[in-house]
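Let me begin by presenting the structure, written as structure tokens, before commenting on it.
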Amino acid sequence: MANVLVFTELHDGHVKPVTLEILGKLAGQTADVAVIGDVSAEQVALLAKNGAQNVHKLKGANLDKYSPEGYANALAEFIKSKNYDYVFGGATSMGKDLLPRLATKFDAGLASDVVNFVFEGGSFAGTRPLFAGKCLAKVELTGPKPHFISIRPNALGMTANPTAGAGTAADVNANAGTIRATIKEIIKAASTKVDLTEANIIVTGGRAMKNAENFKILNDMADVIGATVGASRAAVDSGFAPHAMQVGQTGKTVAPSLYIACGVSGAIQHLAGMRTSKVIVAINTDPDAPIFTKADYGIVGDLFTIVPIMTEEFKKLLGR
Amino acid sequence: MDFSLSSEQREIQDLAYKFAKNEMIPVAHEYDEQGKFPTEIFKKAWELGLLNTCIPAEYGGSGFSAVDGVLICEALAYGCMGMNSSFMANDLALLPIVIGGNDAQKKKFLTPFTEEFKIASFCLTEPGNGSDAGGIKTTIKDGGDHWIINGEKMWITNAGYANLFVVYGTIDVNLKHKGISAIVVDPKSPGIEVGKKEDKMGHRASDTRGVRFNNVKVAKENMLGKPGEGWAIAMATLDHSRPLVASSALGGSQHALDLSIKYSKERNQFGVAIAKHQAVQFMIAEMGMKVACARLLVHKAAWMCDQGERNTEIASYAKAFASDSCMQITTDAVQIYGGYGYSREYPVEKLMRDAKLLQIYEGTSQIQRLVMARELLK
Amino acid sequence: MNIFVCVKQVPDTETKITPTSDGSFIETASIKWIMNPYDEFAVEQALLIKQANPAANVSVVRVGSVKDTEALRTAMAMGADDAFLVEAADNLDSYSIAKALKGAIEKSGKKPDLVLAGKQAIDDDALQVPQILAEMMNLPSVSVIVGFELNGTTVKAKREVEGGALEVYEVATPCVFATNKGLNTPRYASLPGIMKAKKKPMVQLSLADVGVSDADRRVKYSQFRLPPEKPAGKKFDATDAAKQKEIVAQVVGLLRTEAKII
């Protein structure tokens, strides 16, 4: 049985879901959680429910906001005082920045962006994508311990019935040490939409949108999920949307993580412009529309009723 | 024997292809549709050193070999054959100066092209004389302390934008070839009338116009070589320019081949990608074979130039084979794309329109065969 | 001012990746190598700094195979002054690479004021080397930067985090920065630049020269394989108004639980 520490980040006082995914997957090992700052009893209970034995709350000067050096110093000092075999964290913006530095304080290795793992004879063995996901490989760690692992959020999924842990919470006096790079200011995400070619999520309307005004329902959905709105050539030619919004052979070639095609029939020139999207959702009244041949999830139905329902569902899911 | 490019040549080729793919292909359709002259792209290519590859290092050029020149030209034509016509016209106009000019002329006319972005036109063809270049009617008369040019030129690439003309005329029509002379002319000289832009089938981004010379006075020192040496300069120029023009056909062919391979793997008919159908496979095989042959001819013709060997025969093979192949390959690309290929929505119909001109300009495919036969039968 | 830019040579983005038959790595024989695209932003930023501070020296450092030196030559053709190449296999782990980079920077004899690198290399996508290097060199670091302003010896850098928010850091040099897309527009290597690059010095070192051995490997990869084929899509009939809500909820749920996208 391995001795594991899971570093969790807080978002508005809540532990990030990836922590719970990791804890669930660690069933059978001894798992503690470390958090920087305070965490509510309710959140400690949630961590316990998912398997946390001890919840260490690292508190000290200059740890009120993130800094790669401050967090790494504080965590390193704490980890050195314990005897962990493995330290896990989420491959989030912070995790990706922090964990390599933290691991190096132990001259230890870090397996980053792992999407699945097991313990083989007590040793970590993970799977991670390489070459932009074009291939997968087994990843193992060697050298000084503890070994570090960052887990891609949403990859493991939640464990349905996790084994609970004791969930004993205690404060730890932490030392941020010398911090040279400090955050002076945080600029909130601008409301301006990212360009189609760079967007992570795209919602596209086709000829079935009927007019430019109807694009409002797509904009509403896009606002909820942080998407950029595009249009098919048919919609652009009909004057519903400007050419800058066109996805397809003579428009923009896009490859978002999620592409939601609403009332797009799926002419080959459109498919050519978006076929490398990771996940494609299509909404169309015509069950034989070619777009369905490319869609991971197809919904046969009227976009004018489906899209508003979907917007509500996304709101629920994302808690917005 | 060595068919491989040097690491430096591969870098040059990579840069030129990167430029073609990032700067030219995304806008080629728009420039073609609107018949817009690509000033910005032209200038950017110049800034990167992709233009005027014929200018020797001692006059400020990069010191490219003819092989380097065809590598760059192929890549830029891959981006857009039409835009490349405009780019290449600079070399076609400057080559007679490189070949026939004296040191002072080279310094005066070539060096400025390496110092700032400039455009040149090569003025040979006339309304009544295309293939029969020897029958030039434009006259260059001795005006005492200057030359006086009268006549009309046709299909002059870049004429509306040029900073320099190289004009071919005759000092005496009766002397036929022996009267032909080449002279550098400032396009702003009084008496020059540049006509309206031609509305062409392809190469629509390039600027093509008629130019009329009405008693245009030109300084004596602007004549390249002696009066009557123009024909020899023109013939020597062709040995350099034919591999270049052939390489532009090669670039267009390579683009059509790449698009055809990609599309045939994406397009399904009868439940499988059309690339699985032998009818399509054979067309693609034919394209690949022609591209490979054209490339060997182009590289050999350019390499002979660099070795100082007379390449007239091979250069004509290269020009005729590369451009005839380009026509066939782009036509087959449209065939592979089917109905979509015939639509302006897709890139291949433009390639087919652009390809046609390559069989016509810089010595038609028929003239090339005359040259070949003359070389073979002499 | 001494600026070091760490670059990696990676397969062209259009390359088809094929695992070797024994799964130990990928087939590299016919790969066209390019400079890691995120490293181009690092090179460009270094050159922009050099433009403003002509006395600055920009060195590029790379660890990898010597068969093809595309990435370093490109960086020098863009305008970098000199290059250091540590010969190594193309599948070293991040720890070994960072240690080799540190060793090469030390071997240069120049004291670094700025170290720049792409935020990740698009081969192993590990996002580790700049931070490890910073820790090994005992320097501060700011990763995933999309903004960079140098005033004297102080840098104001904008780091992009989830959802597009920006953390604005202030840090004194020397410091390590990991660059992201959006920081600048990398220039082309011009043809005169390519010609000049030939004459620029490229120092070649071995792993032993920079104090790295097999014992420095921390991460072991094996069983390289292609990801499973994408299964056929699911189609739901939502023409019946009574079922619409349930079906849409199901699809949205699948986007999270199955597609793991939202």
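Letters A, B, ... go to the chains of the structure tokens in the order shown; residues in each chain start at 1; ligands are counted from 1 in the same order.
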
Practice problem: Show which residues sit within 12 Å of C:Ala134, as a VMD selection string. Count only C-alpha atoms, and ignore same-chain residues fewer than 6 positions away. | Solution: (chain A and resid 68 to 69 97 to 98 100 to 102 104 to 105 180 to 181) or (chain C and resid 95 98 to 99 101 to 102 112 114 to 117 128 140 to 143 174 to 178)

Exercise. Identify all chain C residues at most 6 Å from chain A by counting only C-alpha atoms; ligands do not count. Present them as a ChimeraX atom specification.
Key: /C:122-124,126,128,131-132,135,140,161,164-171,218-227,233-239,248-249,260

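Near B:Gln9, within 12 Å and counting only C-alpha atoms, sit Ser4, Leu5, Ser6, Ser7, Glu11, Ile12, Gln13, Asp14, Leu15, Ala16, Phe64, Ser65, Ala66, Val67, Asp68, Gly69, Val70, Leu71 and Ile72 of chain B; Leu191, Ile194, Met195 and Lys198 of chain C; same-chain residues fewer than 2 positions away were not included.
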
Quick one: which chain B residues come within 7 Å of chain C, and what is the nearest atom pair for each with the distance in Å to one decimal, counting only C-alpha atoms, rows ordered by chain and ascending number, as CSV?
```
residue,atom,partner,partner_atom,distance
B:Ile12,CA,C:Leu191,CA,6.6
B:Leu48,CA,C:Ser190,CA,4.4
B:Gly49,CA,C:Leu191,CA,5.2
B:Leu50,CA,C:Leu191,CA,6.9
B:Ser62,CA,C:Pro192,CA,6.5
```

Quiz item: chain B residues within 12 Å of chain A, counting only C-alpha atoms: which ones, as number ranges by chain?
Solution: B: 25-30, 262-263, 265-268, 337, 339-341, 343-347

Self-check item: Residues near stretch 234-238 of chain B, cut-off 8 Å, only C-alpha atoms, skip fewer than 6 positions along chain, as number ranges by chain
Solution: B: 92, 95-96, 99

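Across the structure, atom CA of B:Tyr31 and atom CA of B:Gly202 are spaced 11.1 Å apart.
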
Quiz item: Would you give me, as a VMD selection string, the residues in stretch 84-276 of chain A that DSSP reads as alpha helix (DSSP H)?
Solution: chain A and resid 93 to 104 215 to 225 233 to 237 268 to 274
